[in-house]
file target.cif (mmCIF, C-alpha atoms and all ligand atoms)
data_coords
loop_
_atom_site.group_PDB
_atom_site.id
_atom_site.type_symbol
_atom_site.label_atom_id
_atom_site.label_comp_id
_atom_site.auth_asym_id
_atom_site.auth_seq_id
_atom_site.Cartn_x
_atom_site.Cartn_y
_atom_site.Cartn_z
ATOM 1 C CA MET A 562 0.000 0.000 0.000
ATOM 2 C CA PHE A 563 2.911 2.398 0.674
ATOM 3 C CA PRO A 564 5.902 3.063 -1.614
ATOM 4 C CA ASP A 565 9.416 2.492 -0.364
ATOM 5 C CA SER A 566 9.965 6.265 -0.606
ATOM 6 C CA VAL A 567 7.630 6.446 2.406
ATOM 7 C CA LEU A 568 8.494 3.243 4.303
ATOM 8 C CA ALA A 569 12.313 3.396 4.097
ATOM 9 C CA PRO A 570 12.744 6.905 5.613
ATOM 10 C CA LEU A 571 10.238 6.042 8.355
ATOM 11 C CA ARG A 572 12.067 2.824 9.293
ATOM 12 C CA ALA A 573 15.424 4.630 9.262
ATOM 13 C CA ALA A 574 14.219 7.734 11.130
ATOM 14 C CA ARG A 575 15.742 8.568 14.467
ATOM 15 C CA ARG A 576 13.572 11.615 15.033
ATOM 16 C CA VAL A 577 9.953 11.825 13.846
ATOM 17 C CA ALA A 578 7.740 14.899 14.293
ATOM 18 C CA VAL A 579 3.967 14.485 14.044
ATOM 19 C CA LEU A 580 1.429 17.316 13.734
ATOM 20 C CA THR A 581 -2.210 16.395 14.220
ATOM 21 C CA GLY A 582 -5.417 18.326 13.658
ATOM 22 C CA ALA A 583 -9.129 17.796 14.170
ATOM 23 C CA GLY A 584 -9.217 15.067 11.507
ATOM 24 C CA ILE A 585 -7.529 12.520 13.770
ATOM 25 C CA SER A 586 -10.389 12.889 16.255
ATOM 26 C CA ALA A 587 -13.125 12.750 13.587
ATOM 27 C CA GLU A 588 -13.357 8.928 13.844
ATOM 28 C CA SER A 589 -13.879 9.338 17.586
ATOM 29 C CA GLY A 590 -17.028 11.290 16.731
ATOM 30 C CA ILE A 591 -15.718 14.811 17.335
ATOM 31 C CA PRO A 592 -16.682 17.221 14.516
ATOM 32 C CA THR A 593 -13.808 18.976 12.752
ATOM 33 C CA PHE A 594 -13.756 22.735 12.348
ATOM 34 C CA ARG A 595 -14.080 23.029 8.639
ATOM 35 C CA ASP A 596 -15.746 19.933 7.236
ATOM 36 C CA ALA A 597 -18.815 21.448 5.598
ATOM 37 C CA LEU A 598 -21.227 18.698 6.699
ATOM 38 C CA THR A 599 -20.412 18.330 10.359
ATOM 39 C CA GLY A 600 -17.940 21.113 11.104
ATOM 40 C CA LEU A 601 -18.486 23.034 14.360
ATOM 41 C CA TRP A 602 -18.097 26.296 12.491
ATOM 42 C CA ALA A 603 -21.030 25.387 10.252
ATOM 43 C CA ARG A 604 -23.277 26.136 13.221
ATOM 44 C CA PHE A 605 -21.280 28.824 14.990
ATOM 45 C CA ARG A 606 -19.281 31.870 13.970
ATOM 46 C CA PRO A 607 -15.842 31.603 15.589
ATOM 47 C CA GLU A 608 -15.934 35.315 16.452
ATOM 48 C CA ASP A 609 -18.968 34.652 18.648
ATOM 49 C CA LEU A 610 -17.345 31.933 20.692
ATOM 50 C CA ALA A 611 -13.593 31.517 20.436
ATOM 51 C CA THR A 612 -12.179 34.989 21.158
ATOM 52 C CA PRO A 613 -11.380 36.909 24.368
ATOM 53 C CA GLU A 614 -13.834 39.590 23.218
ATOM 54 C CA ALA A 615 -16.623 36.997 22.880
ATOM 55 C CA PHE A 616 -15.906 35.766 26.405
ATOM 56 C CA ALA A 617 -15.812 39.290 27.844
ATOM 57 C CA ARG A 618 -19.073 40.070 26.026
ATOM 58 C CA ASP A 619 -20.962 36.926 27.041
ATOM 59 C CA PRO A 620 -18.960 34.611 29.330
ATOM 60 C CA ALA A 621 -21.996 32.381 29.989
ATOM 61 C CA LEU A 622 -22.481 31.634 26.250
ATOM 62 C CA VAL A 623 -18.819 30.805 25.680
ATOM 63 C CA TRP A 624 -18.585 28.781 28.910
ATOM 64 C CA ARG A 625 -21.687 26.777 27.917
ATOM 65 C CA TRP A 626 -20.255 25.919 24.475
ATOM 66 C CA TYR A 627 -16.982 24.693 25.914
ATOM 67 C CA ARG A 628 -18.750 22.819 28.732
ATOM 68 C CA GLU A 629 -20.875 20.972 26.133
ATOM 69 C CA ARG A 630 -17.722 20.053 24.200
ATOM 70 C CA ARG A 631 -16.064 18.846 27.439
ATOM 71 C CA GLN A 632 -19.118 16.782 28.339
ATOM 72 C CA ARG A 633 -19.141 15.231 24.856
ATOM 73 C CA LEU A 634 -15.517 14.220 25.453
ATOM 74 C CA ARG A 635 -16.672 11.951 28.287
ATOM 75 C CA THR A 636 -18.628 9.910 25.723
ATOM 76 C CA VAL A 637 -15.846 9.475 23.167
ATOM 77 C CA GLU A 638 -12.728 7.334 23.093
ATOM 78 C CA PRO A 639 -9.386 7.587 21.320
ATOM 79 C CA ASN A 640 -9.533 5.777 17.969
ATOM 80 C CA PRO A 641 -7.063 3.516 16.069
ATOM 81 C CA GLY A 642 -5.395 6.634 14.660
ATOM 82 C CA HIS A 643 -4.495 7.923 18.139
ATOM 83 C CA ARG A 644 -3.384 4.442 19.162
ATOM 84 C CA ALA A 645 -1.196 4.005 16.073
ATOM 85 C CA LEU A 646 0.743 7.121 17.110
ATOM 86 C CA VAL A 647 1.294 5.563 20.544
ATOM 87 C CA ALA A 648 2.660 2.458 18.763
ATOM 88 C CA LEU A 649 4.874 4.662 16.552
ATOM 89 C CA GLU A 650 6.382 6.164 19.728
ATOM 90 C CA GLY A 651 7.672 2.679 20.512
ATOM 91 C CA ARG A 652 9.145 2.203 17.040
ATOM 92 C CA VAL A 653 11.316 5.311 16.675
ATOM 93 C CA PRO A 654 14.029 6.587 19.043
ATOM 94 C CA GLU A 655 12.518 10.062 19.356
ATOM 95 C CA LEU A 656 8.951 11.045 18.512
ATOM 96 C CA THR A 657 7.511 14.503 19.160
ATOM 97 C CA LEU A 658 3.725 14.609 18.924
ATOM 98 C CA ILE A 659 2.435 18.129 18.294
ATOM 99 C CA THR A 660 -1.306 18.684 18.273
ATOM 100 C CA GLN A 661 -3.652 21.539 17.408
ATOM 101 C CA ASN A 662 -6.459 19.631 19.091
ATOM 102 C CA VAL A 663 -7.746 20.612 22.517
ATOM 103 C CA ASP A 664 -9.584 17.329 23.231
ATOM 104 C CA GLY A 665 -6.820 15.574 25.184
ATOM 105 C CA LEU A 666 -7.398 12.303 23.274
ATOM 106 C CA HIS A 667 -3.706 11.730 22.491
ATOM 107 C CA ALA A 668 -2.857 11.658 26.206
ATOM 108 C CA ARG A 669 -5.873 9.426 26.890
ATOM 109 C CA ALA A 670 -4.598 7.021 24.194
ATOM 110 C CA GLY A 671 -1.217 6.853 25.975
ATOM 111 C CA SER A 672 0.933 9.338 24.052
ATOM 112 C CA ARG A 673 3.508 11.019 26.301
ATOM 113 C CA GLY A 674 4.809 14.571 26.284
ATOM 114 C CA VAL A 675 2.191 15.807 23.832
ATOM 115 C CA VAL A 676 2.870 19.368 22.650
ATOM 116 C CA GLU A 677 -0.532 21.087 22.879
ATOM 117 C CA LEU A 678 -0.218 24.133 20.625
ATOM 118 C CA HIS A 679 -3.807 25.293 21.209
ATOM 119 C CA GLY A 680 -4.294 24.251 24.843
ATOM 120 C CA ASN A 681 -6.738 21.745 26.288
ATOM 121 C CA ILE A 682 -10.452 22.223 27.054
ATOM 122 C CA THR A 683 -10.262 19.920 30.064
ATOM 123 C CA ARG A 684 -8.172 22.581 31.842
ATOM 124 C CA VAL A 685 -9.214 26.093 32.932
ATOM 125 C CA ARG A 686 -7.421 29.280 33.862
ATOM 126 C CA CYS A 687 -8.333 32.603 35.443
ATOM 127 C CA PHE A 688 -9.483 35.095 32.783
ATOM 128 C CA ALA A 689 -8.148 38.050 34.808
ATOM 129 C CA GLU A 690 -4.879 36.615 36.153
ATOM 130 C CA ASP A 691 -4.212 34.325 33.132
ATOM 131 C CA THR A 692 -2.943 31.616 35.497
ATOM 132 C CA PRO A 693 -4.045 27.977 35.632
ATOM 133 C CA VAL A 694 -6.584 26.835 38.198
ATOM 134 C CA GLU A 695 -6.376 23.176 39.278
ATOM 135 C CA GLU A 696 -9.678 22.596 40.998
ATOM 136 C CA TRP A 697 -12.801 24.099 39.489
ATOM 137 C CA PRO A 698 -16.521 23.297 39.848
ATOM 138 C CA ASP A 699 -17.942 21.950 36.583
ATOM 139 C CA THR A 700 -20.995 24.162 36.952
ATOM 140 C CA GLU A 701 -23.449 25.506 34.385
ATOM 141 C CA ALA A 702 -22.652 29.007 35.603
ATOM 142 C CA VAL A 703 -19.234 30.409 34.846
ATOM 143 C CA PRO A 704 -17.092 29.423 37.872
ATOM 144 C CA ALA A 705 -15.109 32.028 39.807
ATOM 145 C CA CYS A 706 -11.359 32.032 40.325
ATOM 146 C CA PRO A 707 -10.641 30.845 43.903
ATOM 147 C CA ARG A 708 -7.952 33.502 44.173
ATOM 148 C CA CYS A 709 -9.404 36.682 42.708
ATOM 149 C CA GLY A 710 -13.069 35.825 42.177
ATOM 150 C CA GLY A 711 -12.908 36.656 38.452
ATOM 151 C CA PRO A 712 -14.404 34.330 35.793
ATOM 152 C CA LEU A 713 -12.572 31.123 34.806
ATOM 153 C CA ARG A 714 -12.047 30.380 31.099
ATOM 154 C CA PRO A 715 -11.095 27.269 29.139
ATOM 155 C CA ASP A 716 -7.308 26.870 28.897
ATOM 156 C CA VAL A 717 -7.329 27.056 25.079
ATOM 157 C CA VAL A 718 -5.855 29.469 22.529
ATOM 158 C CA TRP A 719 -8.566 31.722 21.116
ATOM 159 C CA PHE A 720 -8.434 33.544 17.802
ATOM 160 C CA GLY A 721 -6.115 36.504 18.065
ATOM 161 C CA GLU A 722 -4.258 35.067 21.068
ATOM 162 C CA MET A 723 -0.617 34.013 21.233
ATOM 163 C CA LEU A 724 0.237 30.323 21.369
ATOM 164 C CA PRO A 725 1.995 29.101 24.550
ATOM 165 C CA PRO A 726 5.616 30.099 23.781
ATOM 166 C CA ALA A 727 7.219 26.948 25.226
ATOM 167 C CA ALA A 728 4.919 24.684 23.193
ATOM 168 C CA LEU A 729 5.586 26.598 19.985
ATOM 169 C CA GLU A 730 9.341 26.515 20.616
ATOM 170 C CA ARG A 731 9.250 22.730 21.161
ATOM 171 C CA ALA A 732 7.154 22.258 18.009
ATOM 172 C CA ARG A 733 9.484 24.342 15.853
ATOM 173 C CA ALA A 734 12.586 22.599 17.211
ATOM 174 C CA ALA A 735 11.047 19.173 16.503
ATOM 175 C CA ALA A 736 9.941 20.136 12.984
ATOM 176 C CA GLY A 737 13.327 21.689 12.194
ATOM 177 C CA GLY A 738 15.265 18.686 13.503
ATOM 178 C CA CYS A 739 13.239 15.680 12.351
ATOM 179 C CA ASP A 740 14.105 12.986 9.815
ATOM 180 C CA VAL A 741 10.436 12.489 8.866
ATOM 181 C CA PHE A 742 7.430 14.824 9.383
ATOM 182 C CA LEU A 743 3.960 13.299 9.604
ATOM 183 C CA SER A 744 0.948 15.611 9.169
ATOM 184 C CA VAL A 745 -2.321 13.936 10.210
ATOM 185 C CA GLY A 746 -5.865 15.284 9.852
ATOM 186 C CA THR A 747 -5.232 18.977 9.429
ATOM 187 C CA SER A 748 -6.285 21.416 6.725
ATOM 188 C CA ASN A 749 -2.946 23.098 7.436
ATOM 189 C CA LEU A 750 -4.539 26.559 7.192
ATOM 190 C CA VAL A 751 -3.919 28.070 10.623
ATOM 191 C CA GLU A 752 -0.526 29.607 11.440
ATOM 192 C CA PRO A 753 1.916 29.117 13.035
ATOM 193 C CA ALA A 754 1.161 25.350 13.005
ATOM 194 C CA ALA A 755 0.699 25.419 9.217
ATOM 195 C CA SER A 756 4.374 26.312 8.692
ATOM 196 C CA LEU A 757 5.747 23.388 10.705
ATOM 197 C CA PRO A 758 5.790 20.836 7.838
ATOM 198 C CA TRP A 759 7.776 23.262 5.706
ATOM 199 C CA LEU A 760 10.429 23.695 8.396
ATOM 200 C CA ALA A 761 10.983 19.958 7.975
ATOM 201 C CA SER A 762 10.854 19.836 4.174
ATOM 202 C CA ALA A 763 13.221 22.831 3.932
ATOM 203 C CA ARG A 764 15.853 20.576 5.509
ATOM 204 C CA GLY A 765 15.072 17.706 3.144
ATOM 205 C CA ALA A 766 12.902 15.664 5.529
ATOM 206 C CA PRO A 767 10.038 13.870 3.767
ATOM 207 C CA VAL A 768 6.571 15.129 4.727
ATOM 208 C CA LEU A 769 3.845 12.448 4.867
ATOM 209 C CA ILE A 770 0.299 13.884 4.810
ATOM 210 C CA VAL A 771 -2.477 11.634 6.134
ATOM 211 C CA ASN A 772 -5.830 13.040 5.004
ATOM 212 C CA PRO A 773 -8.826 11.680 3.034
ATOM 213 C CA THR A 774 -8.270 14.513 0.568
ATOM 214 C CA ALA A 775 -5.259 16.221 -0.997
ATOM 215 C CA ASP A 776 -7.389 19.347 -1.638
ATOM 216 C CA GLY A 777 -5.686 22.442 -0.308
ATOM 217 C CA GLN A 778 -2.557 20.519 0.655
ATOM 218 C CA ARG A 779 0.822 21.578 -0.742
ATOM 219 C CA ALA A 780 2.327 19.157 -3.274
ATOM 220 C CA GLY A 781 5.883 18.722 -4.435
ATOM 221 C CA PRO A 782 9.057 16.669 -4.150
ATOM 222 C CA GLY A 783 9.411 15.078 -0.742
ATOM 223 C CA ILE A 784 5.732 15.576 0.053
ATOM 224 C CA HIS A 785 3.776 12.310 0.124
ATOM 225 C CA PRO A 786 -0.037 12.416 0.388
ATOM 226 C CA LEU A 787 -1.285 9.223 2.122
ATOM 227 C CA LEU A 788 -4.938 9.460 1.163
ATOM 228 C CA GLY A 789 -7.399 8.023 3.645
ATOM 229 C CA LYS A 790 -8.709 8.235 7.163
ATOM 230 C CA ALA A 791 -6.180 8.430 9.977
ATOM 231 C CA GLY A 792 -7.751 5.454 11.740
ATOM 232 C CA VAL A 793 -7.097 3.317 8.648
ATOM 233 C CA VAL A 794 -3.900 4.754 7.158
ATOM 234 C CA LEU A 795 -1.831 5.032 10.354
ATOM 235 C CA PRO A 796 -2.320 1.422 11.530
ATOM 236 C CA ALA A 797 -1.601 0.203 7.967
ATOM 237 C CA LEU A 798 1.535 2.362 7.817
ATOM 238 C CA LEU A 799 2.810 0.877 11.097
ATOM 239 C CA ARG A 800 2.048 -2.682 9.921
ATOM 240 C CA GLU A 801 3.896 -2.203 6.619
ATOM 241 C CA ALA A 802 6.853 -0.316 8.056
ATOM 242 C CA TRP A 803 7.350 -2.821 10.890
ATOM 243 C CA PRO A 804 5.725 -6.131 9.886
ATOM 244 C CA GLU A 805 5.550 -8.412 12.932
HETATM 245 P P1 LIG B 1 -9.906 21.454 10.152
HETATM 246 O O1 LIG B 1 -11.344 21.177 10.411
HETATM 247 O O2 LIG B 1 -9.499 22.773 9.549
HETATM 248 O O3 LIG B 1 -9.330 20.343 9.166
HETATM 249 C C1 LIG B 1 -9.619 18.990 9.425
HETATM 250 C C2 LIG B 1 -8.862 18.181 8.397
HETATM 251 O O4 LIG B 1 -9.019 16.805 8.721
HETATM 252 C C3 LIG B 1 -9.375 18.373 6.971
HETATM 253 O O5 LIG B 1 -8.258 18.545 6.119
HETATM 254 C C4 LIG B 1 -10.089 17.054 6.669
HETATM 255 O O6 LIG B 1 -9.965 16.702 5.290
HETATM 256 C C5 LIG B 1 -9.296 16.094 7.537
HETATM 257 N N1 LIG B 1 -10.033 14.900 7.961
HETATM 258 C C6 LIG B 1 -11.360 14.732 8.131
HETATM 259 N N2 LIG B 1 -11.631 13.472 8.558
HETATM 260 C C7 LIG B 1 -10.410 12.846 8.679
HETATM 261 C C8 LIG B 1 -9.997 11.547 9.080
HETATM 262 N N3 LIG B 1 -10.893 10.605 9.450
HETATM 263 N N4 LIG B 1 -8.670 11.254 9.065
HETATM 264 C C9 LIG B 1 -7.760 12.188 8.682
HETATM 265 N N5 LIG B 1 -8.084 13.450 8.298
HETATM 266 C C10 LIG B 1 -9.398 13.755 8.295
HETATM 267 O O7 LIG B 1 -9.134 21.222 11.521
HETATM 268 P P2 LIG B 1 -7.659 21.672 11.866
HETATM 269 O O8 LIG B 1 -6.761 21.582 10.676
HETATM 270 O O9 LIG B 1 -7.247 20.922 13.076
HETATM 271 O O10 LIG B 1 -7.632 26.537 15.987
HETATM 272 O O11 LIG B 1 -7.852 23.220 12.271
HETATM 273 C C11 LIG B 1 -6.717 23.889 12.751
HETATM 274 C C12 LIG B 1 -7.188 24.919 13.733
HETATM 275 O O12 LIG B 1 -8.222 25.732 13.154
HETATM 276 C C13 LIG B 1 -7.824 24.362 14.988
HETATM 277 O O13 LIG B 1 -6.879 23.949 15.932
HETATM 278 C C14 LIG B 1 -8.587 25.573 15.491
HETATM 279 C C15 LIG B 1 -9.183 26.056 14.187
HETATM 280 O O14 LIG B 1 -9.308 27.448 14.162
HETATM 281 C C16 LIG B 1 -7.967 27.209 17.144
HETATM 282 O O15 LIG B 1 -9.019 26.993 17.707
HETATM 283 C C17 LIG B 1 -6.946 28.189 17.601
#
call {"tool": "encode", "arguments": {"input": "target.cif", "output": "structure tokens", "more": "lines below"}}
Ligand code: OAD
result
Amino acid sequence: MFPDSVLAPLRAARRVAVLTGAGISAESGIPTFRDALTGLWARFRPEDLATPEAFARDPALVWRWYRERRQRLRTVEPNPGHRALVALEGRVPELTLITQNVDGLHARAGSRGVVELHGNITRVRCFAEDTPVEEWPDTEAVPACPRCGGPLRPDVVWFGEMLPPAALERARAAAGGCDVFLSVGTSNLVEPAASLPWLASARGAPVLIVNPTADGQRAGPGIHPLLGKAGVVLPALLREAWPE
């Protein structure tokens, strides 16, 4: 199923960088952002929900949307795509898993040291102090910071906000130093994550793109579209690269 131009570099790789997007969680039942049929944005305008201004304007609306997403997470499980990346961690000397997702499913699947570029909706932080809060009541009403009494917010990156500097630094170092870059389930539209694959290809590392469609994805030498769903392609890739 996979050419040697994909399997050989993967088998030989010492350092592999992986960037995942909403597509790897699609088979767990979590809508992606941009898929026309089921995408979250199809029903909401991001400006109304995922910005600091939206939260300041109507904290209860934003809190309710994120609470519903968190509650839905309790009903979903990691899928074979997440689990294949855990298996890949055991096959290469150094794997850095970078995710744009905020669902925490990689960690639940068993991946370690996940670089969460856009935060994690299972964590909260104080909106006023911008510091994490460990214990918080999962209430319908917006909970108050135990220190200052201000509203708590989901610990995610909203539109217009900076990414956590340490996470971005780790992601860029991994992309710039890897032998193979694997992009899984992302439309690769949102910066700065979208530039990570090209940091790898600029140094001659092959870029493997796992996605049911090649639409909108960069093509060229060293870029290998692996067309299909992550939950199918990734397990097959592991089986072919490292047959038992
Ligand atoms: P998108 O919804 O933009 O893209 C999802 C990608 O997954 C698309 O390219 C789909 O073709 C692909 N896809 C769908 N089902 C798949 C499957 N079963 N297996 C593999 N791929 C599949 O989601 P992201 O690229 O993650 O940012 O979006 C990036 C960022 O845009 C998000 O992190 C979010 C959003 O604005 C913030 O919230 C800051």
call {"tool": "residues_near_ligand", "arguments": {"input": "target.cif", "ligand": "ligand LIG 1 (chain B)", "cutoff": "9 Å", "atoms": "only C-alpha atoms and all ligand atoms", "output": "number ranges by chain"}}
result
A: 581-589, 592-597, 600-602, 607, 611, 642, 660-663, 678-680, 717-722, 724, 745-752, 754-755, 771-778, 788-794
call {"tool": "resolve_selection", "arguments": {"input": "target.cif", "expression": "the PyMOL selection byres (((chain A and resi 690) around 10) and not hetatm)", "output": "mmCIF file with C-alpha atoms, in the coordinates of the input"}}
result
data_model
loop_
_atom_site.group_PDB
_atom_site.id
_atom_site.type_symbol
_atom_site.label_atom_id
_atom_site.label_comp_id
_atom_site.auth_asym_id
_atom_site.auth_seq_id
_atom_site.Cartn_x
_atom_site.Cartn_y
_atom_site.Cartn_z
ATOM 1 C CA ARG A 686 -7.421 29.280 33.862
ATOM 2 C CA CYS A 687 -8.333 32.603 35.443
ATOM 3 C CA PHE A 688 -9.483 35.095 32.783
ATOM 4 C CA ALA A 689 -8.148 38.050 34.808
ATOM 5 C CA ASP A 691 -4.212 34.325 33.132
ATOM 6 C CA THR A 692 -2.943 31.616 35.497
ATOM 7 C CA PRO A 693 -4.045 27.977 35.632
ATOM 8 C CA CYS A 706 -11.359 32.032 40.325
ATOM 9 C CA ARG A 708 -7.952 33.502 44.173
ATOM 10 C CA CYS A 709 -9.404 36.682 42.708
ATOM 11 C CA GLY A 711 -12.908 36.656 38.452
ATOM 12 C CA PRO A 712 -14.404 34.330 35.793
ATOM 13 C CA LEU A 713 -12.572 31.123 34.806
#
call {"tool": "closest_residue", "arguments": {"input": "target.cif", "among": "A:Leu580, A:Leu799, A:Leu649, A:Val637", "to": "Met562 of chain A", "atoms": "only C-alpha atoms"}}
result
A:Leu799
call {"tool": "axis_aligned_box", "arguments": {"input": "target.cif", "around": "segment 773-779 of chain A", "padding_each_side": "5 Å", "output": "JSON"}}
result
{"center_x": -4.0, "center_y": 17.1, "center_z": 0.7, "size_x": 19.6, "size_y": 20.8, "size_z": 14.7}
call {"tool": "resolve_selection", "arguments": {"input": "target.cif", "expression": "the PyMOL selection byres (((chain A and resi 768) around 9) and not hetatm)", "output": "ChimeraX atom specification"}}
result
/A:741-744,758-759,761-762,766-767,769-770,783-786
call {"tool": "resolve_selection", "arguments": {"input": "target.cif", "expression": "the PyMOL selection byres (((chain A and resi 643-648) around 6) and not hetatm)", "output": "PDB file with C-alpha atoms, in the frame of the given file"}}
result
ATOM      1  CA  PRO A 639      -9.386   7.587  21.320  1.00  0.00           C
ATOM      2  CA  ASN A 640      -9.533   5.777  17.969  1.00  0.00           C
ATOM      3  CA  PRO A 641      -7.063   3.516  16.069  1.00  0.00           C
ATOM      4  CA  GLY A 642      -5.395   6.634  14.660  1.00  0.00           C
ATOM      5  CA  LEU A 649       4.874   4.662  16.552  1.00  0.00           C
ATOM      6  CA  GLU A 650       6.382   6.164  19.728  1.00  0.00           C
ATOM      7  CA  GLY A 651       7.672   2.679  20.512  1.00  0.00           C
ATOM      8  CA  HIS A 667      -3.706  11.730  22.491  1.00  0.00           C
ATOM      9  CA  ALA A 670      -4.598   7.021  24.194  1.00  0.00           C
ATOM     10  CA  SER A 672       0.933   9.338  24.052  1.00  0.00           C
ATOM     11  CA  LEU A 795      -1.831   5.032  10.354  1.00  0.00           C
ATOM     12  CA  PRO A 796      -2.320   1.422  11.530  1.00  0.00           C
TER      13      PRO A 796
END
call {"tool": "residues_around", "arguments": {"input": "target.cif", "residues": "Val703 of chain A", "least_positions_apart": "5", "cutoff": "12 Å", "atoms": "all atoms listed in the file", "output": "PyMOL selection string"}}
result
chain A and resi 616-617+619-628+685-688+697-698+710-715
call {"tool": "atom_distance", "arguments": {"input": "target.cif", "atom1": "atom CA of Thr657 of chain A", "atom2": "atom CA of Ala763 of chain A"}}
result
18.3 Å
call {"tool": "atom_distance", "arguments": {"input": "target.cif", "atom1": "atom CA of Gly737 of chain A", "atom2": "atom CA of Arg572 of chain A"}}
result
19.1 Å
